[in-house]
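Raw contents of work-v6.txt, compact mmCIF, C-alpha atoms and all ligand atoms:
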```
# COMPACT_ATOMS: atom_id res chain seq x y z
CA MET Q 7 79.27 -17.73 -4.16
CA GLY Q 8 78.25 -21.17 -3.00
CA ARG Q 9 80.60 -24.12 -3.20
CA ILE Q 10 79.49 -26.99 -5.42
CA ILE Q 11 80.47 -30.38 -4.02
CA ALA Q 12 79.92 -33.71 -5.76
CA VAL Q 13 79.56 -36.64 -3.37
CA ALA Q 14 81.10 -39.48 -5.34
CA ASN Q 15 82.44 -43.02 -5.14
CA GLN Q 16 81.47 -45.50 -7.80
CA LYS Q 17 81.02 -48.18 -5.16
CA GLY Q 18 77.44 -48.52 -3.93
CA GLY Q 19 76.54 -48.57 -0.25
CA VAL Q 20 79.48 -46.50 1.00
CA GLY Q 21 77.32 -43.72 2.46
CA LYS Q 22 77.09 -41.17 -0.36
CA THR Q 23 73.39 -40.48 0.01
CA THR Q 24 73.49 -40.66 3.81
CA THR Q 25 76.35 -38.15 3.81
CA ALA Q 26 74.63 -35.80 1.35
CA ILE Q 27 71.39 -35.68 3.36
CA ASN Q 28 72.90 -35.45 6.81
CA LEU Q 29 75.77 -33.09 6.09
CA ALA Q 30 73.43 -30.79 4.16
CA ALA Q 31 70.83 -30.85 6.96
CA SER Q 32 73.49 -30.13 9.59
CA LEU Q 33 74.79 -27.14 7.61
CA ALA Q 34 71.24 -25.87 7.09
CA ILE Q 35 70.53 -26.12 10.81
CA GLY Q 36 73.76 -24.15 11.26
CA GLU Q 37 72.02 -21.41 9.24
CA ARG Q 38 73.70 -22.03 5.91
CA THR Q 39 71.64 -22.20 2.76
CA VAL Q 40 72.05 -25.54 1.07
CA LEU Q 41 70.83 -27.11 -2.18
CA LEU Q 42 70.84 -30.89 -2.59
CA VAL Q 43 70.77 -32.32 -6.09
CA ASP Q 44 69.67 -35.93 -6.60
CA LEU Q 45 71.59 -37.29 -9.57
CA ASP Q 46 71.02 -40.99 -8.84
CA PRO Q 47 68.22 -42.80 -10.75
CA GLN Q 48 67.54 -44.77 -7.55
CA SER Q 49 66.47 -41.39 -6.09
CA ASN Q 50 67.29 -42.38 -2.52
CA LEU Q 51 68.06 -38.76 -1.71
CA THR Q 52 64.58 -37.67 -2.81
CA SER Q 53 62.85 -40.48 -0.89
CA GLY Q 54 65.11 -39.99 2.13
CA LEU Q 55 63.74 -36.46 2.42
CA GLY Q 56 60.16 -37.69 2.05
CA LEU Q 57 59.70 -35.90 -1.27
CA THR Q 58 59.02 -38.73 -3.72
CA GLU Q 59 55.34 -37.84 -4.10
CA THR Q 60 55.91 -34.13 -4.39
CA ALA Q 61 58.60 -34.79 -7.00
CA SER Q 62 56.20 -36.91 -9.05
CA THR Q 63 54.10 -33.82 -9.80
CA ARG Q 64 57.06 -31.58 -10.56
CA ARG Q 65 59.91 -31.25 -13.02
CA THR Q 66 62.98 -33.16 -11.93
CA ILE Q 67 66.70 -33.21 -12.64
CA TYR Q 68 65.91 -35.45 -15.62
CA GLU Q 69 64.14 -32.61 -17.43
CA ALA Q 70 66.85 -30.15 -16.39
CA LEU Q 71 69.53 -32.36 -17.98
CA THR Q 72 67.75 -33.31 -21.17
CA THR Q 73 65.97 -30.11 -22.18
CA ASP Q 74 67.48 -27.97 -24.91
CA GLU Q 75 66.59 -24.61 -23.42
CA GLU Q 76 68.67 -23.14 -20.65
CA SER Q 77 66.89 -24.13 -17.44
CA ASP Q 78 66.10 -21.90 -14.48
CA PRO Q 79 67.09 -23.86 -11.36
CA THR Q 80 64.25 -22.37 -9.31
CA ASP Q 81 61.81 -24.28 -11.54
CA PHE Q 82 63.17 -27.51 -10.06
CA GLU Q 83 63.90 -26.68 -6.44
CA LEU Q 84 61.66 -28.08 -3.71
CA ALA Q 85 61.55 -26.92 -0.09
CA THR Q 86 62.31 -29.63 2.48
CA GLY Q 87 61.35 -30.00 6.14
CA VAL Q 88 64.54 -28.15 7.11
CA THR Q 89 64.64 -24.36 6.77
CA GLY Q 90 67.32 -23.29 4.31
CA LEU Q 91 67.55 -26.74 2.71
CA HIS Q 92 66.23 -27.27 -0.82
CA LEU Q 93 66.26 -30.24 -3.17
CA ILE Q 94 66.30 -30.74 -6.92
CA PRO Q 95 64.69 -34.20 -6.99
CA ALA Q 96 65.13 -37.23 -9.19
CA ASP Q 97 62.67 -39.91 -10.23
CA ARG Q 98 62.81 -43.11 -12.25
CA HIS Q 99 62.99 -41.19 -15.56
CA LEU Q 100 66.62 -40.50 -14.72
CA THR Q 101 67.39 -44.15 -15.45
CA GLY Q 102 67.07 -43.36 -19.16
CA ALA Q 103 69.22 -40.24 -18.97
CA GLU Q 104 72.48 -42.17 -18.95
CA VAL Q 105 71.62 -43.44 -22.44
CA GLU Q 106 69.83 -40.34 -23.73
CA LEU Q 107 72.70 -38.06 -22.77
CA VAL Q 108 75.04 -39.93 -25.12
CA SER Q 109 73.46 -38.36 -28.19
CA LEU Q 110 72.98 -34.85 -26.75
CA PRO Q 111 75.39 -31.96 -27.33
CA ASN Q 112 77.74 -31.17 -24.41
CA ARG Q 113 76.74 -34.44 -22.88
CA GLU Q 114 79.25 -34.14 -20.01
CA SER Q 115 78.54 -30.53 -19.12
CA ARG Q 116 74.76 -30.27 -19.05
CA LEU Q 117 74.49 -29.89 -15.28
CA ARG Q 118 77.17 -27.22 -14.96
CA PRO Q 119 75.27 -24.13 -16.21
CA LEU Q 120 72.27 -24.97 -14.01
CA LEU Q 121 74.33 -25.24 -10.81
CA ARG Q 122 76.58 -22.29 -11.65
CA GLN Q 123 73.38 -20.27 -11.94
CA ALA Q 124 71.99 -21.59 -8.62
CA ARG Q 125 75.18 -21.02 -6.62
CA SER Q 126 74.62 -17.30 -6.06
CA ARG Q 127 71.63 -18.18 -3.84
CA TYR Q 128 73.32 -20.91 -1.75
CA ASP Q 129 76.30 -21.37 0.54
CA TYR Q 130 76.63 -25.04 -0.45
CA ILE Q 131 75.36 -27.25 -3.25
CA PHE Q 132 75.80 -31.03 -2.85
CA VAL Q 133 75.28 -33.41 -5.75
CA ASP Q 134 74.54 -37.04 -4.85
CA THR Q 135 75.82 -39.37 -7.59
CA PRO Q 136 75.01 -42.94 -8.66
CA PRO Q 137 77.36 -45.89 -8.03
CA SER Q 138 79.05 -45.71 -11.44
CA LEU Q 139 81.41 -43.48 -13.37
CA GLY Q 140 78.96 -42.96 -16.23
CA LEU Q 141 77.67 -39.74 -17.73
CA LEU Q 142 75.61 -38.74 -14.71
CA THR Q 143 78.63 -38.83 -12.39
CA LEU Q 144 80.72 -37.12 -15.08
CA ASN Q 145 78.17 -34.30 -15.22
CA ALA Q 146 78.52 -33.90 -11.45
CA LEU Q 147 82.34 -33.80 -11.67
CA VAL Q 148 82.28 -31.26 -14.49
CA ALA Q 149 79.82 -29.05 -12.57
CA ALA Q 150 81.58 -29.22 -9.19
CA ASP Q 151 84.27 -27.22 -7.45
CA ALA Q 152 85.28 -30.27 -5.45
CA VAL Q 153 84.57 -33.93 -4.73
CA LEU Q 154 83.73 -35.37 -1.33
CA ILE Q 155 84.57 -39.08 -1.26
CA PRO Q 156 82.87 -41.26 1.35
CA LEU Q 157 84.78 -44.48 2.04
CA ASN Q 158 83.34 -47.22 4.16
CA CYS Q 159 85.87 -48.67 6.52
CA GLU Q 160 86.15 -52.17 5.17
CA TYR Q 161 88.95 -54.20 3.75
CA PHE Q 162 88.62 -53.17 0.11
CA ALA Q 163 87.93 -49.51 0.87
CA LEU Q 164 90.79 -48.16 -1.24
CA GLU Q 165 90.26 -50.59 -4.07
CA GLY Q 166 88.46 -49.00 -6.97
CA LEU Q 167 89.45 -45.49 -5.93
CA ALA Q 168 92.14 -45.47 -8.62
CA GLU Q 169 89.34 -45.45 -11.17
CA LEU Q 170 87.66 -42.45 -9.53
CA MET Q 171 91.02 -40.63 -9.37
CA ALA Q 172 91.67 -41.39 -13.05
CA THR Q 173 88.23 -40.07 -13.98
CA MET Q 174 88.84 -36.93 -11.92
CA GLY Q 175 92.19 -36.54 -13.69
CA ARG Q 176 90.51 -36.65 -17.09
CA VAL Q 177 87.94 -34.07 -16.00
CA GLN Q 178 90.74 -31.83 -14.66
CA ALA Q 179 92.66 -32.17 -17.93
CA GLY Q 180 89.59 -31.24 -19.94
CA LEU Q 181 86.30 -29.70 -18.98
CA ASN Q 182 86.97 -28.67 -15.36
CA PRO Q 183 90.63 -27.87 -14.54
CA GLU Q 184 89.63 -26.36 -11.17
CA LEU Q 185 88.18 -29.58 -9.75
CA GLU Q 186 89.63 -30.45 -6.31
CA ILE Q 187 89.26 -33.11 -3.65
CA GLU Q 188 87.07 -31.56 -0.96
CA GLY Q 189 87.76 -34.34 1.49
CA VAL Q 190 87.71 -38.06 2.15
CA LEU Q 191 85.21 -39.21 4.75
CA LEU Q 192 85.49 -42.48 6.66
CA THR Q 193 81.97 -43.88 7.03
CA MET Q 194 80.45 -46.86 8.85
CA ALA Q 195 83.57 -46.84 10.97
CA ASP Q 196 84.12 -49.35 13.71
CA THR Q 197 87.29 -48.08 15.31
CA ARG Q 198 87.05 -50.71 18.05
CA THR Q 199 88.10 -53.43 15.64
CA ARG Q 200 91.65 -53.88 14.42
CA LEU Q 201 90.45 -54.01 10.84
CA GLY Q 202 88.61 -50.71 11.26
CA GLN Q 203 91.69 -49.07 12.74
CA GLN Q 204 93.94 -50.49 10.06
CA VAL Q 205 91.73 -49.32 7.20
CA ALA Q 206 91.46 -45.84 8.73
CA MET Q 207 95.24 -45.70 9.05
CA GLU Q 208 95.81 -46.78 5.45
CA VAL Q 209 93.35 -44.22 4.13
CA ARG Q 210 95.05 -41.47 6.16
CA GLN Q 211 98.47 -42.53 4.87
CA HIS Q 212 97.19 -42.34 1.33
CA PHE Q 213 95.11 -39.14 1.41
CA LYS Q 214 96.87 -37.39 4.33
CA GLU Q 215 95.27 -34.09 5.40
CA LYS Q 216 92.47 -34.59 2.88
CA VAL Q 217 90.85 -37.08 5.27
CA TYR Q 218 88.36 -35.47 7.64
CA ALA Q 219 89.23 -35.76 11.33
CA THR Q 220 85.55 -36.59 11.86
CA THR Q 221 84.60 -40.20 11.12
CA ILE Q 222 81.03 -41.44 10.84
CA PRO Q 223 80.35 -44.45 13.06
CA ARG Q 224 78.08 -47.31 12.17
CA ASN Q 225 74.73 -46.29 13.66
CA VAL Q 226 71.31 -47.86 13.05
CA ARG Q 227 69.54 -44.50 13.33
CA LEU Q 228 71.26 -43.36 10.13
CA GLY Q 229 69.73 -46.36 8.39
CA GLU Q 230 66.27 -45.82 9.89
CA ALA Q 231 65.87 -42.08 9.33
CA PRO Q 232 65.33 -42.23 5.52
CA SER Q 233 62.31 -44.51 5.86
CA HIS Q 234 60.74 -41.70 7.90
CA GLY Q 235 61.69 -39.17 5.22
CA LEU Q 236 63.93 -37.30 7.65
CA PRO Q 237 67.58 -36.42 8.10
CA ALA Q 238 68.96 -38.14 11.22
CA ILE Q 239 69.24 -34.83 13.04
CA LEU Q 240 65.43 -34.49 12.96
CA TYR Q 241 64.76 -38.19 13.49
CA ASP Q 242 67.02 -38.63 16.54
CA VAL Q 243 69.21 -35.65 17.30
CA ARG Q 244 71.05 -37.49 20.08
CA SER Q 245 72.07 -40.46 17.97
CA THR Q 246 75.80 -40.91 17.40
CA GLY Q 247 75.13 -40.74 13.66
CA ALA Q 248 73.40 -37.36 13.82
CA GLU Q 249 76.12 -36.05 16.14
CA ALA Q 250 78.87 -37.21 13.79
CA TYR Q 251 77.37 -35.35 10.82
CA VAL Q 252 77.01 -32.19 12.92
CA ALA Q 253 80.70 -32.55 13.81
CA LEU Q 254 81.53 -32.98 10.12
CA ALA Q 255 79.57 -29.83 9.24
CA ARG Q 256 81.47 -27.93 11.93
CA GLU Q 257 84.79 -29.23 10.61
CA MET Q 258 83.85 -28.18 7.09
CA LEU Q 259 82.90 -24.68 8.24
CA GLU Q 260 86.16 -24.33 10.18
CA ASP Q 261 88.16 -25.45 7.14
CA SER Q 262 86.40 -22.93 4.93
CA MET Q 263 87.24 -20.12 7.38
CA ARG Q 264 90.91 -21.00 6.94
CA MET Q 265 90.64 -20.68 3.19
CA PRO Q 266 92.00 -17.43 1.75
CA ASP Q 267 88.91 -16.72 -0.32
CA ASN Q 268 86.55 -17.06 2.58
CA ILE Q 269 83.18 -18.08 1.18
CA LEU Q 270 81.17 -17.43 4.33
N1 LIG T 1 77.09 -44.80 9.24
C1 LIG T 1 76.13 -45.67 8.94
N2 LIG T 1 75.70 -46.56 9.85
C2 LIG T 1 74.74 -47.47 9.54
N3 LIG T 1 74.12 -47.52 8.36
C3 LIG T 1 74.49 -46.64 7.40
C4 LIG T 1 75.50 -45.67 7.64
N4 LIG T 1 75.66 -44.94 6.51
C5 LIG T 1 74.79 -45.43 5.62
N5 LIG T 1 74.07 -46.45 6.14
C6 LIG T 1 73.08 -47.28 5.45
O1 LIG T 1 73.79 -48.08 4.53
C7 LIG T 1 73.11 -48.14 3.27
C8 LIG T 1 73.97 -47.54 2.18
O2 LIG T 1 74.17 -46.15 2.44
P1 LIG T 1 73.94 -45.06 1.31
O3 LIG T 1 74.17 -43.73 1.93
O4 LIG T 1 72.64 -45.27 0.63
O5 LIG T 1 75.15 -45.41 0.34
P2 LIG T 1 75.38 -45.00 -1.20
O6 LIG T 1 74.59 -43.77 -1.46
O7 LIG T 1 76.86 -44.79 -1.29
O8 LIG T 1 74.93 -46.17 -2.02
C9 LIG T 1 71.80 -47.41 3.49
O9 LIG T 1 70.81 -48.36 3.84
C10 LIG T 1 72.08 -46.48 4.65
O10 LIG T 1 70.92 -46.17 5.38
MG MG T 2 73.12 -43.40 -2.91
```
Please render this file's structure as structure tokens.
Ligand SMILES: Nc1ncnc2c1ncn2[C@@H]1O[C@H](COP(=O)(O)OP(=O)(O)O)[C@@H](O)[C@H]1O
Ligand SMILES: [Mg+2]
Amino acid sequence: MGRIIAVANQKGGVGKTTTAINLAASLAIGERTVLLVDLDPQSNLTSGLGLTETASTRRTIYEALTTDEESDPTDFELATGVTGLHLIPADRHLTGAEVELVSLPNRESRLRPLLRQARSRYDYIFVDTPPSLGLLTLNALVAADAVLIPLNCEYFALEGLAELMATMGRVQAGLNPELEIEGVLLTMADTRTRLGQQVAMEVRQHFKEKVYATTIPRNVRLGEAPSHGLPAILYDVRSTGAEAYVALAREMLEDSMRMPDNIL
């Protein structure tokens, strides 16, 4: 049974999409089967994998969320340039979903059946979410086993997280009692500066062992790779960014081996 992980933080530009693409690609190269789900109307995940044009001729997550019939996830899954890595894409239609969902039945749990159905075919499913705590992100939290929270190492990193925690609390109290924190990931880290070190220390004090030992450094290659439609590991395997996400994948696999209900 694959693990469903929502990548969430309602702040934009903290590295959600970069983490989803590069962690998923690293796990796939490590011979895990991985499904990425683009739940952000900006569809940076879809474009970052070079699949915008392909997606334009196919059904997207928008149709999966708004249709009345029970959807078959395989109708939406696209192959990517990485063996074992698939994508359910998004396009601009998803912009309207936030409003359309309001009047649909089960508006917060429309993603869940689709992903619960897909999980038997994957080791991991990652859902990339938009920078808000609206209905799209709620659907991801209701569908997920756990939340991975990227935090960029800047002064206000922890600010705003209370809102995400409160939203998670509401989801746990209602539609998804099993929801956990998968881990907190320090991104765009500059551990050479005092500020960077101080922020990292504060985050570790707050979230303790939930913070990954691996931190993602600031690295221009991570910013360049999406414009080539590639994960960093295919764009420049020796870049510090690609290496950091491989290390994160390794850490995640080691953690999962320690879990009693070993999923591997
Ligand atoms: N570690 C990093 N080093 C340098 N640039 C990064 C890094 N992580 C992300 N970026 C860039 O920063 C921007 C925001 O990252 P993104 O993953 O899109 O954030 P989010 O999905 O949270 O909005 C993007 O242009 C991305 O390429
Ligand atoms: Mg994003």
Exercise. Write out as a list in words each polymer residue whose atoms come within 12 Å of Val177 in chain Q, counting all atoms listed in the file; drop sequence neighbours fewer than 2 positions from it.
Key: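 Here the answer would be Glu114, Ser115, Leu139, Leu141, Thr143, Leu144, Asn145, Ala146, Leu147, Val148, Ala149, Ala150, Asp151, Ala152, Val153, Leu170, Met171, Ala172, Thr173, Met174, Gly175, Ala179, Gly180, Leu181, Asn182, Pro183, Glu184, Leu185 and Glu186 of chain Q.
Counting all atoms listed in the file and comparing Q:Asn50, Q:Thr60, Q:Asn28, Q:Ser109, the residue that lies closest to ligand MG 2 (chain T) is Q:Asn50.
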Self-check item: Within 7 Å of ligand MG 2 (chain T), counting only C-alpha atoms and all ligand atoms, residues as a PyMOL selection string
Solution: chain Q and resi 18-19+21-23+46+50-51+134-136
Take the residues from that selection and write them out as a CSV table (one decimal), in the frame of the given file, keeping C-alpha atoms.
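The resulting file, part-v3.csv, is shown below:
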```csv
chain,number,residue,atom,x,y,z
Q,18,GLY,CA,77.4,-48.5,-3.9
Q,19,GLY,CA,76.5,-48.6,-0.2
Q,21,GLY,CA,77.3,-43.7,2.5
Q,22,LYS,CA,77.1,-41.2,-0.4
Q,23,THR,CA,73.4,-40.5,0.0
Q,46,ASP,CA,71.0,-41.0,-8.8
Q,50,ASN,CA,67.3,-42.4,-2.5
Q,51,LEU,CA,68.1,-38.8,-1.7
Q,134,ASP,CA,74.5,-37.0,-4.8
Q,135,THR,CA,75.8,-39.4,-7.6
Q,136,PRO,CA,75.0,-42.9,-8.7
```
Exercise. Using CA of Asp44 in chain Q and CA of Val205 in chain Q as the two end points, give the distance in Å to one decimal.
Key: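 About the pair CA of Asp44 in chain Q and CA of Val205 in chain Q: they are 29.3 Å apart.
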Exercise. Just give me the gap between CA of Pro119 in chain Q and CA of Glu104 in chain Q in Å, one decimal is fine.
Key: 18.5 Å
Exercise. Please identify every polymer residue within 10 Å of ligand LIG 1 (chain T), using all atoms listed in the file, and present the set as a PyMOL selection string.
Key: chain Q and resi 13-28+46+48-51+54+134-137+155-159+192-196+221-233+246-248+250-251
Would you put the residues from that selection into a file with C-alpha atoms, as a tab-separated table (two decimals), in the coordinates of the input?
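Wrote it out as result29.tsv, contents follow:
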```tsv
chain	number	residue	atom	x	y	z
Q	13	VAL	CA	79.56	-36.64	-3.37
Q	14	ALA	CA	81.10	-39.48	-5.34
Q	15	ASN	CA	82.44	-43.02	-5.14
Q	16	GLN	CA	81.47	-45.50	-7.80
Q	17	LYS	CA	81.02	-48.18	-5.16
Q	18	GLY	CA	77.44	-48.52	-3.93
Q	19	GLY	CA	76.54	-48.57	-0.25
Q	20	VAL	CA	79.48	-46.50	1.00
Q	21	GLY	CA	77.32	-43.72	2.46
Q	22	LYS	CA	77.09	-41.17	-0.36
Q	23	THR	CA	73.39	-40.48	0.01
Q	24	THR	CA	73.49	-40.66	3.81
Q	25	THR	CA	76.35	-38.15	3.81
Q	26	ALA	CA	74.63	-35.80	1.35
Q	27	ILE	CA	71.39	-35.68	3.36
Q	28	ASN	CA	72.90	-35.45	6.81
Q	46	ASP	CA	71.02	-40.99	-8.84
Q	48	GLN	CA	67.54	-44.77	-7.55
Q	49	SER	CA	66.47	-41.39	-6.09
Q	50	ASN	CA	67.29	-42.38	-2.52
Q	51	LEU	CA	68.06	-38.76	-1.71
Q	54	GLY	CA	65.11	-39.99	2.13
Q	134	ASP	CA	74.54	-37.04	-4.85
Q	135	THR	CA	75.82	-39.37	-7.59
Q	136	PRO	CA	75.01	-42.94	-8.66
Q	137	PRO	CA	77.36	-45.89	-8.03
Q	155	ILE	CA	84.57	-39.08	-1.26
Q	156	PRO	CA	82.87	-41.26	1.35
Q	157	LEU	CA	84.78	-44.48	2.04
Q	158	ASN	CA	83.34	-47.22	4.16
Q	159	CYS	CA	85.87	-48.67	6.52
Q	192	LEU	CA	85.49	-42.48	6.66
Q	193	THR	CA	81.97	-43.88	7.03
Q	194	MET	CA	80.45	-46.86	8.85
Q	195	ALA	CA	83.57	-46.84	10.97
Q	196	ASP	CA	84.12	-49.35	13.71
Q	221	THR	CA	84.60	-40.20	11.12
Q	222	ILE	CA	81.03	-41.44	10.84
Q	223	PRO	CA	80.35	-44.45	13.06
Q	224	ARG	CA	78.08	-47.31	12.17
Q	225	ASN	CA	74.73	-46.29	13.66
Q	226	VAL	CA	71.31	-47.86	13.05
Q	227	ARG	CA	69.54	-44.50	13.33
Q	228	LEU	CA	71.26	-43.36	10.13
Q	229	GLY	CA	69.73	-46.36	8.39
Q	230	GLU	CA	66.27	-45.82	9.89
Q	231	ALA	CA	65.87	-42.08	9.33
Q	232	PRO	CA	65.33	-42.23	5.52
Q	233	SER	CA	62.31	-44.51	5.86
Q	246	THR	CA	75.80	-40.91	17.40
Q	247	GLY	CA	75.13	-40.74	13.66
Q	248	ALA	CA	73.40	-37.36	13.82
Q	250	ALA	CA	78.87	-37.21	13.79
Q	251	TYR	CA	77.37	-35.35	10.82
```
Exercise. Record the distance separating CA of Arg127 in chain Q and CA of Tyr68 in chain Q, expressed in Å with one decimal.
Key: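 Going from CA of Arg127 in chain Q over to CA of Tyr68 in chain Q, I get 21.7 Å.
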Quiz item: So which residues touch Arg256 in chain Q within 10 Å, counting only C-alpha atoms, skipping near sequence neighbours fewer than 6 positions away, as number ranges by chain?
Solution: Q: 29, 32-33, 36, 220, 250, 262
Repaired coordinates for range 98-123 of chain Q (N, CA and C atoms) as a tab-separated table (two decimals), keeping the file's coordinate frame:
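Result written to out19.tsv:
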```tsv
chain	number	residue	atom	x	y	z
Q	98	ARG	N	62.33	-41.98	-11.46
Q	98	ARG	CA	62.81	-43.11	-12.25
Q	98	ARG	C	63.16	-42.74	-13.69
Q	99	HIS	N	62.63	-41.60	-14.20
Q	99	HIS	CA	62.99	-41.19	-15.56
Q	99	HIS	C	64.50	-41.03	-15.73
Q	100	LEU	N	65.18	-40.73	-14.63
Q	100	LEU	CA	66.62	-40.50	-14.72
Q	100	LEU	C	67.37	-41.75	-15.18
Q	101	THR	N	66.77	-42.91	-15.00
Q	101	THR	CA	67.39	-44.15	-15.45
Q	101	THR	C	67.74	-44.07	-16.94
Q	102	GLY	N	66.85	-43.47	-17.72
Q	102	GLY	CA	67.07	-43.36	-19.16
Q	102	GLY	C	68.08	-42.30	-19.54
Q	103	ALA	N	68.36	-41.39	-18.62
Q	103	ALA	CA	69.22	-40.24	-18.97
Q	103	ALA	C	70.62	-40.68	-19.36
Q	104	GLU	N	71.13	-41.70	-18.68
Q	104	GLU	CA	72.48	-42.17	-18.95
Q	104	GLU	C	72.64	-42.51	-20.44
Q	105	VAL	N	71.59	-43.09	-21.02
Q	105	VAL	CA	71.62	-43.44	-22.44
Q	105	VAL	C	71.27	-42.23	-23.31
Q	106	GLU	N	70.26	-41.48	-22.91
Q	106	GLU	CA	69.83	-40.34	-23.73
Q	106	GLU	C	70.91	-39.27	-23.84
Q	107	LEU	N	71.66	-39.10	-22.78
Q	107	LEU	CA	72.70	-38.06	-22.77
Q	107	LEU	C	73.75	-38.30	-23.86
Q	108	VAL	N	73.99	-39.58	-24.17
Q	108	VAL	CA	75.04	-39.93	-25.12
Q	108	VAL	C	74.89	-39.16	-26.43
Q	109	SER	N	73.66	-38.98	-26.88
Q	109	SER	CA	73.46	-38.36	-28.19
Q	109	SER	C	73.16	-36.86	-28.09
Q	110	LEU	N	73.25	-36.29	-26.89
Q	110	LEU	CA	72.98	-34.85	-26.75
Q	110	LEU	C	74.28	-34.05	-26.83
Q	111	PRO	N	74.19	-32.80	-27.31
Q	111	PRO	CA	75.39	-31.96	-27.33
Q	111	PRO	C	75.87	-31.66	-25.91
Q	112	ASN	N	77.16	-31.44	-25.74
Q	112	ASN	CA	77.74	-31.17	-24.41
Q	112	ASN	C	77.29	-32.18	-23.37
Q	113	ARG	N	77.36	-33.43	-23.73
Q	113	ARG	CA	76.74	-34.44	-22.88
Q	113	ARG	C	77.36	-34.54	-21.48
Q	114	GLU	N	78.61	-34.06	-21.33
Q	114	GLU	CA	79.25	-34.14	-20.01
Q	114	GLU	C	79.11	-32.85	-19.21
Q	115	SER	N	78.60	-31.81	-19.84
Q	115	SER	CA	78.54	-30.53	-19.12
Q	115	SER	C	77.14	-29.92	-19.15
Q	116	ARG	N	76.14	-30.76	-19.01
Q	116	ARG	CA	74.76	-30.27	-19.05
Q	116	ARG	C	74.26	-29.81	-17.69
Q	117	LEU	N	74.90	-30.29	-16.64
Q	117	LEU	CA	74.49	-29.89	-15.28
Q	117	LEU	C	75.14	-28.57	-14.88
Q	118	ARG	N	76.34	-28.34	-15.41
Q	118	ARG	CA	77.17	-27.22	-14.96
Q	118	ARG	C	76.47	-25.85	-15.02
Q	119	PRO	N	75.88	-25.47	-16.17
Q	119	PRO	CA	75.27	-24.13	-16.21
Q	119	PRO	C	74.14	-23.97	-15.18
Q	120	LEU	N	73.38	-25.03	-14.97
Q	120	LEU	CA	72.27	-24.97	-14.01
Q	120	LEU	C	72.80	-24.68	-12.60
Q	121	LEU	N	73.83	-25.40	-12.18
Q	121	LEU	CA	74.33	-25.24	-10.81
Q	121	LEU	C	75.12	-23.95	-10.67
Q	122	ARG	N	75.83	-23.55	-11.72
Q	122	ARG	CA	76.58	-22.29	-11.65
Q	122	ARG	C	75.61	-21.12	-11.50
Q	123	GLN	N	74.41	-21.30	-12.07
Q	123	GLN	CA	73.38	-20.27	-11.94
Q	123	GLN	C	72.78	-20.28	-10.53
```
